[in-house]
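Notes follow once the structure below has been shown.
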Amino acid sequence: MDEYISFEQLPFGSDDFADNPESRCPCMLLLDTSGSMDGEAIRQLNEGIATFKTEVERDPLATKRVEVAVVTFGPVSFESDFQTVDNFFPKHLNASGDTPIGAAITLGIDLVNKRKQLYKQKGIGYYKPWIILITDGAPTDAFAQAIKLIHDGERESRFAFFAIGVEGANFDVLRQLSVREPLKLRGLAFREFFLWLSGSLKMVSSKNPGEHNKLLPPTGWADL
Amino acid sequence: MIWKVIGQSVIGSSHLQNGKGCEDAGTYRVFTMPDDSEALICFASDGAGSAEYADQASAAAVSAAIEFALNLLGNGEDLTDASLLALGEHVYDRLCELADALRTPKNECSCTLLGCIILPEKAGFLQIGDGAIVRNDGYDHFTPIWWPSNGEYQNSTVFVIDDADLANLNYKVIDEPITEVALFTDGLQQLALNYESMTAHQPFFANLFPALRKAEISEHLSILTTRLSDYLSGSAISSRTDDDKTLLLATRA
């Protein structure tokens, strides 16, 4: 997947399949960093991601299993490749630009597929990947292809896609994208959302891959 | 830029706790030959934990070795077993001078030494004590030049200053074009070497060299140098060793 990676992000010494044979639970974060997120929203998002890392790290096994990758959009940028949480050092995100959701989703799904191939190559077991989209706007690019990729992927159980809308998000579009009902973030409760996400991933990653999982209820952060 | 090299010495957590400094040293030079080809000189040294002036000794050993190698190449002399032996003697003499200047017994300047001088078509290697030099055999397989000479126990080794005759000095000249080399002090032995099979732990090197091969400009090398330092002091490594560690990596385009 080198074609997306800048020199700074080339794997260097930390890609530890050899030393960490645990099954992986990949989580792709597609984060809106368009201009409208500027100010309090981006600040809360940054804090939320930091909280996520701290929370997952409380669980040593989840730390070895949950892998996070980040793609931001406004414009689309592959911020960090899949890393186990102990090797995940979130970069500070700044808000600017438009909202190319379609391109971000296409890239995110491609990266998830490539990650699964890599697990297979390395003989590492894995859980169903999670793709999480967080946005406060509507796509400024074409997203018909993204809809198709998500629906195909969900039907074939290749990943689970979750859409989280912040105040101002176009929920009609999110409903077209996601097969699950999109959830609306209450205010700027990013911290509460990422607490939920870390809790859910810890729960998922404590079971055997493929075992049926019930998600935690999205209490505290979603307006249902 | 024919040779692309990065290297870092990082203090170990046990040294931090004991209020000691980093007692490892590592340096490299790329020497441009009269025909515009490049020679690579790399040396590293681990100061003995028991020696009072371990940090000064390792720094002096590395700088003496580099100085000798630069002179050798600068004078257009041939790289032979004899010149490697002379290099070892030069380092020994320098450590004796250091001990005299510090008015201290020689063993307070105990340190290991390992390194290489790589010419386009041949290479000289030299080592006293533990740590290891690993080379790419040309098929992306990394092999140690020598297995580290620990004594009977994991924490014992030999030092340059132990013997004026340098009986413990390993040296050899290989007539092959070496394209990639890594050298490291004993702090990394448990991670970079597989003790059961007495081979280099391939994934350790396979995770480091690809990025270095892709470096195209000096800015890339400075990025990787920073990342190497982060990696060596990060939890992945510090959870497995509390010793100082030095790692030099070199690849040629």
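Naming scheme: A, B, ... for chains in displayed order of the structure tokens; residues 1 onward per chain; ligands 1 onward as shown.
Backbone DSSP over segment 22-85 of chain A gives strand (DSSP E or B) for A:Arg24, A:Cys25, A:Pro26, A:Cys27, A:Met28, A:Leu29, A:Leu30, A:Leu31, A:Asp32, A:Val66, A:Glu67, A:Val68, A:Ala69, A:Val70, A:Val71, A:Thr72, A:Phe73, A:Ser77, A:Phe78, A:Glu79, A:Ser80, A:Asp81, A:Phe82, A:Gln83, A:Thr84.
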Resulting file, chosen residues, N, CA and C atoms, as a PDB file, in the first residue's frame:
ATOM      1  N   ARG A  24      -5.785  -9.727  14.922  1.00  0.00           N
ATOM      2  CA  ARG A  24      -5.944  -8.281  14.868  1.00  0.00           C
ATOM      3  C   ARG A  24      -7.393  -7.870  14.642  1.00  0.00           C
ATOM      4  N   CYS A  25      -7.727  -6.759  15.249  1.00  0.00           N
ATOM      5  CA  CYS A  25      -9.061  -6.196  15.144  1.00  0.00           C
ATOM      6  C   CYS A  25      -8.918  -4.808  14.520  1.00  0.00           C
ATOM      7  N   PRO A  26      -8.987  -4.732  13.190  1.00  0.00           N
ATOM      8  CA  PRO A  26      -8.696  -3.457  12.534  1.00  0.00           C
ATOM      9  C   PRO A  26      -9.854  -2.464  12.590  1.00  0.00           C
ATOM     10  N   CYS A  27      -9.529  -1.233  12.842  1.00  0.00           N
ATOM     11  CA  CYS A  27     -10.525  -0.172  12.922  1.00  0.00           C
ATOM     12  C   CYS A  27     -10.042   1.014  12.086  1.00  0.00           C
ATOM     13  N   MET A  28     -10.795   1.309  11.034  1.00  0.00           N
ATOM     14  CA  MET A  28     -10.423   2.411  10.137  1.00  0.00           C
ATOM     15  C   MET A  28     -11.253   3.639  10.506  1.00  0.00           C
ATOM     16  N   LEU A  29     -10.609   4.703  10.879  1.00  0.00           N
ATOM     17  CA  LEU A  29     -11.315   5.945  11.213  1.00  0.00           C
ATOM     18  C   LEU A  29     -11.271   6.886  10.021  1.00  0.00           C
ATOM     19  N   LEU A  30     -12.444   7.233   9.509  1.00  0.00           N
ATOM     20  CA  LEU A  30     -12.542   8.217   8.421  1.00  0.00           C
ATOM     21  C   LEU A  30     -13.061   9.508   9.047  1.00  0.00           C
ATOM     22  N   LEU A  31     -12.198  10.480   9.184  1.00  0.00           N
ATOM     23  CA  LEU A  31     -12.525  11.652  10.001  1.00  0.00           C
ATOM     24  C   LEU A  31     -12.632  12.909   9.152  1.00  0.00           C
ATOM     25  N   ASP A  32     -13.724  13.609   9.378  1.00  0.00           N
ATOM     26  CA  ASP A  32     -13.964  14.877   8.682  1.00  0.00           C
ATOM     27  C   ASP A  32     -13.096  15.960   9.316  1.00  0.00           C
ATOM     28  N   VAL A  66      -6.215  -4.564  18.830  1.00  0.00           N
ATOM     29  CA  VAL A  66      -6.899  -3.501  18.092  1.00  0.00           C
ATOM     30  C   VAL A  66      -5.872  -2.723  17.281  1.00  0.00           C
ATOM     31  N   GLU A  67      -6.130  -2.596  15.985  1.00  0.00           N
ATOM     32  CA  GLU A  67      -5.256  -1.811  15.114  1.00  0.00           C
ATOM     33  C   GLU A  67      -6.049  -0.634  14.546  1.00  0.00           C
ATOM     34  N   VAL A  68      -5.467   0.535  14.620  1.00  0.00           N
ATOM     35  CA  VAL A  68      -6.162   1.743  14.176  1.00  0.00           C
ATOM     36  C   VAL A  68      -5.455   2.342  12.974  1.00  0.00           C
ATOM     37  N   ALA A  69      -6.232   2.773  12.008  1.00  0.00           N
ATOM     38  CA  ALA A  69      -5.700   3.563  10.899  1.00  0.00           C
ATOM     39  C   ALA A  69      -6.565   4.807  10.783  1.00  0.00           C
ATOM     40  N   VAL A  70      -5.977   5.897  10.309  1.00  0.00           N
ATOM     41  CA  VAL A  70      -6.726   7.154  10.217  1.00  0.00           C
ATOM     42  C   VAL A  70      -6.614   7.735   8.810  1.00  0.00           C
ATOM     43  N   VAL A  71      -7.767   8.006   8.225  1.00  0.00           N
ATOM     44  CA  VAL A  71      -7.828   8.782   6.983  1.00  0.00           C
ATOM     45  C   VAL A  71      -8.648  10.027   7.295  1.00  0.00           C
ATOM     46  N   THR A  72      -8.121  11.196   6.975  1.00  0.00           N
ATOM     47  CA  THR A  72      -8.907  12.417   7.171  1.00  0.00           C
ATOM     48  C   THR A  72      -9.309  12.941   5.808  1.00  0.00           C
ATOM     49  N   PHE A  73     -10.394  13.724   5.802  1.00  0.00           N
ATOM     50  CA  PHE A  73     -10.777  14.317   4.522  1.00  0.00           C
ATOM     51  C   PHE A  73     -11.094  15.794   4.688  1.00  0.00           C
ATOM     52  N   SER A  77      -6.463  12.574   3.215  1.00  0.00           N
ATOM     53  CA  SER A  77      -5.080  12.362   3.616  1.00  0.00           C
ATOM     54  C   SER A  77      -4.993  11.084   4.439  1.00  0.00           C
ATOM     55  N   PHE A  78      -4.065  10.219   4.075  1.00  0.00           N
ATOM     56  CA  PHE A  78      -3.840   8.968   4.807  1.00  0.00           C
ATOM     57  C   PHE A  78      -2.902   9.306   5.965  1.00  0.00           C
ATOM     58  N   GLU A  79      -3.502   9.588   7.124  1.00  0.00           N
ATOM     59  CA  GLU A  79      -2.722  10.122   8.249  1.00  0.00           C
ATOM     60  C   GLU A  79      -1.872   9.064   8.921  1.00  0.00           C
ATOM     61  N   SER A  80      -2.453   7.893   9.174  1.00  0.00           N
ATOM     62  CA  SER A  80      -1.608   6.855   9.753  1.00  0.00           C
ATOM     63  C   SER A  80      -2.114   5.481   9.378  1.00  0.00           C
ATOM     64  N   ASP A  81      -1.164   4.610   9.088  1.00  0.00           N
ATOM     65  CA  ASP A  81      -1.454   3.249   8.663  1.00  0.00           C
ATOM     66  C   ASP A  81      -1.858   2.421   9.887  1.00  0.00           C
ATOM     67  N   PHE A  82      -2.415   1.228   9.648  1.00  0.00           N
ATOM     68  CA  PHE A  82      -2.829   0.365  10.743  1.00  0.00           C
ATOM     69  C   PHE A  82      -1.667   0.097  11.699  1.00  0.00           C
ATOM     70  N   GLN A  83      -1.916   0.353  12.956  1.00  0.00           N
ATOM     71  CA  GLN A  83      -0.925   0.133  14.005  1.00  0.00           C
ATOM     72  C   GLN A  83      -1.668  -0.441  15.197  1.00  0.00           C
ATOM     73  N   THR A  84      -1.026  -1.365  15.914  1.00  0.00           N
ATOM     74  CA  THR A  84      -1.620  -1.743  17.184  1.00  0.00           C
ATOM     75  C   THR A  84      -1.606  -0.503  18.071  1.00  0.00           C
TER      76      THR A  84
END
Contact table chain B vs chain A, cut-off 12 Å, shortest pair per residue, only C-alpha atoms, as JSON lines:
{"residue": "B:Leu191", "atom": "CA", "partner": "A:Asp19", "partner_atom": "CA", "distance": 9.7}
{"residue": "B:Ala192", "atom": "CA", "partner": "A:Gly13", "partner_atom": "CA", "distance": 11.3}
{"residue": "B:His201", "atom": "CA", "partner": "A:Ala18", "partner_atom": "CA", "distance": 9.6}
{"residue": "B:Gln202", "atom": "CA", "partner": "A:Ala18", "partner_atom": "CA", "distance": 9.3}
{"residue": "B:Pro203", "atom": "CA", "partner": "A:Ala18", "partner_atom": "CA", "distance": 6.3}
{"residue": "B:Phe204", "atom": "CA", "partner": "A:Gly13", "partner_atom": "CA", "distance": 7.0}
{"residue": "B:Phe205", "atom": "CA", "partner": "A:Gly13", "partner_atom": "CA", "distance": 8.0}
{"residue": "B:Ala206", "atom": "CA", "partner": "A:Gly13", "partner_atom": "CA", "distance": 8.3}
{"residue": "B:Asn207", "atom": "CA", "partner": "A:Gly13", "partner_atom": "CA", "distance": 4.8}
{"residue": "B:Leu208", "atom": "CA", "partner": "A:Gly13", "partner_atom": "CA", "distance": 5.0}
{"residue": "B:Phe209", "atom": "CA", "partner": "A:Phe12", "partner_atom": "CA", "distance": 7.9}
{"residue": "B:Pro210", "atom": "CA", "partner": "A:Phe12", "partner_atom": "CA", "distance": 7.9}
{"residue": "B:Ala211", "atom": "CA", "partner": "A:Leu10", "partner_atom": "CA", "distance": 6.0}
{"residue": "B:Leu212", "atom": "CA", "partner": "A:Phe12", "partner_atom": "CA", "distance": 8.6}
{"residue": "B:Arg213", "atom": "CA", "partner": "A:Leu10", "partner_atom": "CA", "distance": 11.0}
{"residue": "B:Lys214", "atom": "CA", "partner": "A:Phe7", "partner_atom": "CA", "distance": 8.2}
{"residue": "B:Ala215", "atom": "CA", "partner": "A:Phe7", "partner_atom": "CA", "distance": 7.9}
{"residue": "B:Glu216", "atom": "CA", "partner": "A:Phe7", "partner_atom": "CA", "distance": 9.8}
{"residue": "B:Ile217", "atom": "CA", "partner": "A:Phe7", "partner_atom": "CA", "distance": 10.8}
{"residue": "B:Glu219", "atom": "CA", "partner": "A:Phe7", "partner_atom": "CA", "distance": 10.1}
{"residue": "B:His220", "atom": "CA", "partner": "A:Phe7", "partner_atom": "CA", "distance": 7.2}
{"residue": "B:Leu221", "atom": "CA", "partner": "A:Phe7", "partner_atom": "CA", "distance": 10.2}
{"residue": "B:Ser222", "atom": "CA", "partner": "A:Glu8", "partner_atom": "CA", "distance": 10.4}
{"residue": "B:Ile223", "atom": "CA", "partner": "A:Glu8", "partner_atom": "CA", "distance": 6.8}
{"residue": "B:Leu224", "atom": "CA", "partner": "A:Glu8", "partner_atom": "CA", "distance": 7.9}
{"residue": "B:Thr225", "atom": "CA", "partner": "A:Phe12", "partner_atom": "CA", "distance": 10.8}
{"residue": "B:Thr226", "atom": "CA", "partner": "A:Glu8", "partner_atom": "CA", "distance": 10.3}
{"residue": "B:Arg227", "atom": "CA", "partner": "A:Phe12", "partner_atom": "CA", "distance": 7.6}
{"residue": "B:Leu228", "atom": "CA", "partner": "A:Phe12", "partner_atom": "CA", "distance": 8.0}
{"residue": "B:Ser229", "atom": "CA", "partner": "A:Gly13", "partner_atom": "CA", "distance": 10.9}
{"residue": "B:Asp230", "atom": "CA", "partner": "A:Gly13", "partner_atom": "CA", "distance": 10.0}
{"residue": "B:Tyr231", "atom": "CA", "partner": "A:Gly13", "partner_atom": "CA", "distance": 6.8}
{"residue": "B:Leu232", "atom": "CA", "partner": "A:Gly13", "partner_atom": "CA", "distance": 9.1}
{"residue": "B:Ser233", "atom": "CA", "partner": "A:Gly13", "partner_atom": "CA", "distance": 11.9}
{"residue": "B:Gly234", "atom": "CA", "partner": "A:Asn87", "partner_atom": "CA", "distance": 8.9}
{"residue": "B:Ser235", "atom": "CA", "partner": "A:Asp86", "partner_atom": "CA", "distance": 8.1}
{"residue": "B:Ala236", "atom": "CA", "partner": "A:Ser14", "partner_atom": "CA", "distance": 7.6}
{"residue": "B:Ile237", "atom": "CA", "partner": "A:Ser14", "partner_atom": "CA", "distance": 9.7}
{"residue": "B:Ser239", "atom": "CA", "partner": "A:Asp86", "partner_atom": "CA", "distance": 11.9}
{"residue": "B:Arg240", "atom": "CA", "partner": "A:Asp19", "partner_atom": "CA", "distance": 11.4}
{"residue": "B:Leu247", "atom": "CA", "partner": "A:Gly13", "partner_atom": "CA", "distance": 12.0}
Listing only residues of segment 31-75 of chain B within 12 Å of segment 120-127 of chain B, what is the closest atom pair and its distance in Å (to one decimal) for each, using only C-alpha atoms, sorted by chain and residue number ascending, as a Markdown table?
| residue | atom | partner | partner_atom | distance |
| --- | --- | --- | --- | --- |
| B:Phe31 | CA | B:Pro120 | CA | 11.4 |
| B:Thr32 | CA | B:Pro120 | CA | 11.0 |
| B:Met33 | CA | B:Pro120 | CA | 9.8 |
| B:Asp35 | CA | B:Pro120 | CA | 10.9 |
| B:Asp36 | CA | B:Pro120 | CA | 10.8 |
| B:Ser37 | CA | B:Pro120 | CA | 7.1 |
| B:Glu38 | CA | B:Pro120 | CA | 7.0 |
| B:Ala39 | CA | B:Pro120 | CA | 6.7 |
| B:Leu40 | CA | B:Pro120 | CA | 9.0 |
| B:Ile41 | CA | B:Gly124 | CA | 9.6 |
| B:Cys42 | CA | B:Phe125 | CA | 9.7 |
| B:Phe43 | CA | B:Leu126 | CA | 9.2 |
| B:Ala44 | CA | B:Gln127 | CA | 9.6 |
| B:Ser45 | CA | B:Gln127 | CA | 9.6 |
| B:Asp46 | CA | B:Gln127 | CA | 11.6 |
| B:Ala61 | CA | B:Gln127 | CA | 11.9 |
| B:Val62 | CA | B:Gln127 | CA | 11.9 |
| B:Ala65 | CA | B:Leu126 | CA | 10.3 |
| B:Ala69 | CA | B:Gly124 | CA | 10.4 |
Task: Neighbour list for Leu113 of chain B as number ranges by chain, cut-off 12 Å, only C-alpha atoms, skip fewer than 2 positions in-chain - done: B: 24-27, 42-48, 57-66, 87-89, 91-92, 95, 110-111, 115-116, 125-133, 148-149, 157-161, 166, 168-171, 183-186, 246
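For the pair atom CA of Ala146 of chain A and atom CA of Gly102 of chain A, the separation is 5.4 Å.
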Task: Residues of segment 68-242 of chain B in alpha helix (DSSP H), written as a VMD selection string - done: chain B and resid 68 to 74 81 to 101 189 to 192 202 to 206 209 to 214 218 to 233 235 to 238
Open item on the list: as number ranges by chain, please: the residues near Thr54 of chain A (cut-off 12 Å, only C-alpha atoms, same-chain neighbours under 2 positions excluded).
Closed with: A: 47-52, 56-60, 62-63, 85-86, 88-90, 191, 194-195, 198-199
Pull N, CA and C atoms from the residues just selected and write them as a JSON list (two decimals), in the first residue's frame.
[["chain", "number", "residue", "atom", "x", "y", "z"],
["A", 47, "GLU", "N", -9.10, 15.42, 21.16],
["A", 47, "GLU", "CA", -9.13, 14.91, 22.53],
["A", 47, "GLU", "C", -9.76, 13.54, 22.58],
["A", 48, "GLY", "N", -10.82, 13.37, 21.76],
["A", 48, "GLY", "CA", -11.52, 12.08, 21.73],
["A", 48, "GLY", "C", -10.58, 10.96, 21.30],
["A", 49, "ILE", "N", -9.76, 11.23, 20.29],
["A", 49, "ILE", "CA", -8.84, 10.19, 19.79],
["A", 49, "ILE", "C", -7.80, 9.85, 20.85],
["A", 50, "ALA", "N", -7.33, 10.88, 21.55],
["A", 50, "ALA", "CA", -6.35, 10.64, 22.63],
["A", 50, "ALA", "C", -6.98, 9.78, 23.73],
["A", 51, "THR", "N", -8.24, 10.07, 24.04],
["A", 51, "THR", "CA", -8.97, 9.28, 25.05],
["A", 51, "THR", "C", -9.08, 7.83, 24.61],
["A", 52, "PHE", "N", -9.36, 7.64, 23.32],
["A", 52, "PHE", "CA", -9.49, 6.30, 22.75],
["A", 52, "PHE", "C", -8.22, 5.48, 23.00],
["A", 56, "VAL", "N", -8.03, 2.14, 25.41],
["A", 56, "VAL", "CA", -7.70, 0.81, 24.90],
["A", 56, "VAL", "C", -6.45, 0.29, 25.60],
["A", 57, "GLU", "N", -5.51, 1.19, 25.89],
["A", 57, "GLU", "CA", -4.25, 0.75, 26.51],
["A", 57, "GLU", "C", -4.43, 0.23, 27.93],
["A", 58, "ARG", "N", -5.59, 0.52, 28.55],
["A", 58, "ARG", "CA", -5.84, -0.07, 29.87],
["A", 58, "ARG", "C", -5.99, -1.58, 29.78],
["A", 59, "ASP", "N", -6.27, -2.06, 28.59],
["A", 59, "ASP", "CA", -6.49, -3.49, 28.39],
["A", 59, "ASP", "C", -5.32, -4.04, 27.57],
["A", 60, "PRO", "N", -4.39, -4.74, 28.22],
["A", 60, "PRO", "CA", -3.17, -5.16, 27.51],
["A", 60, "PRO", "C", -3.43, -6.02, 26.28],
["A", 62, "ALA", "N", -6.24, -6.06, 24.36],
["A", 62, "ALA", "CA", -6.83, -5.22, 23.31],
["A", 62, "ALA", "C", -5.73, -4.36, 22.67],
["A", 63, "THR", "N", -4.77, -3.92, 23.47],
["A", 63, "THR", "CA", -3.67, -3.10, 22.96],
["A", 63, "THR", "C", -2.89, -3.85, 21.88],
["A", 85, "VAL", "N", -2.50, -0.49, 19.06],
["A", 85, "VAL", "CA", -2.72, 0.77, 19.77],
["A", 85, "VAL", "C", -1.46, 1.25, 20.50],
["A", 86, "ASP", "N", -0.62, 0.32, 20.94],
["A", 86, "ASP", "CA", 0.61, 0.77, 21.61],
["A", 86, "ASP", "C", 1.54, 1.52, 20.65],
["A", 88, "PHE", "N", 0.31, 3.31, 18.11],
["A", 88, "PHE", "CA", -0.51, 4.35, 17.49],
["A", 88, "PHE", "C", -0.30, 5.67, 18.23],
["A", 89, "PHE", "N", 0.31, 6.62, 17.55],
["A", 89, "PHE", "CA", 0.54, 7.93, 18.15],
["A", 89, "PHE", "C", -0.23, 8.96, 17.33],
["A", 90, "PRO", "N", -1.46, 9.29, 17.80],
["A", 90, "PRO", "CA", -2.31, 10.14, 16.97],
["A", 90, "PRO", "C", -1.64, 11.49, 16.69],
["A", 191, "ARG", "N", -15.58, 12.66, 23.05],
["A", 191, "ARG", "CA", -14.95, 11.88, 24.11],
["A", 191, "ARG", "C", -15.80, 10.67, 24.46],
["A", 194, "PHE", "N", -15.72, 8.07, 21.69],
["A", 194, "PHE", "CA", -14.50, 7.25, 21.63],
["A", 194, "PHE", "C", -14.38, 6.32, 22.84],
["A", 195, "LEU", "N", -14.98, 6.72, 23.96],
["A", 195, "LEU", "CA", -15.05, 5.80, 25.10],
["A", 195, "LEU", "C", -15.88, 4.58, 24.72],
["A", 198, "SER", "N", -13.85, 2.44, 22.21],
["A", 198, "SER", "CA", -12.79, 1.64, 22.83],
["A", 198, "SER", "C", -13.41, 0.49, 23.61],
["A", 199, "GLY", "N", -14.52, 0.77, 24.31],
["A", 199, "GLY", "CA", -15.19, -0.30, 25.05],
["A", 199, "GLY", "C", -15.69, -1.40, 24.13]]
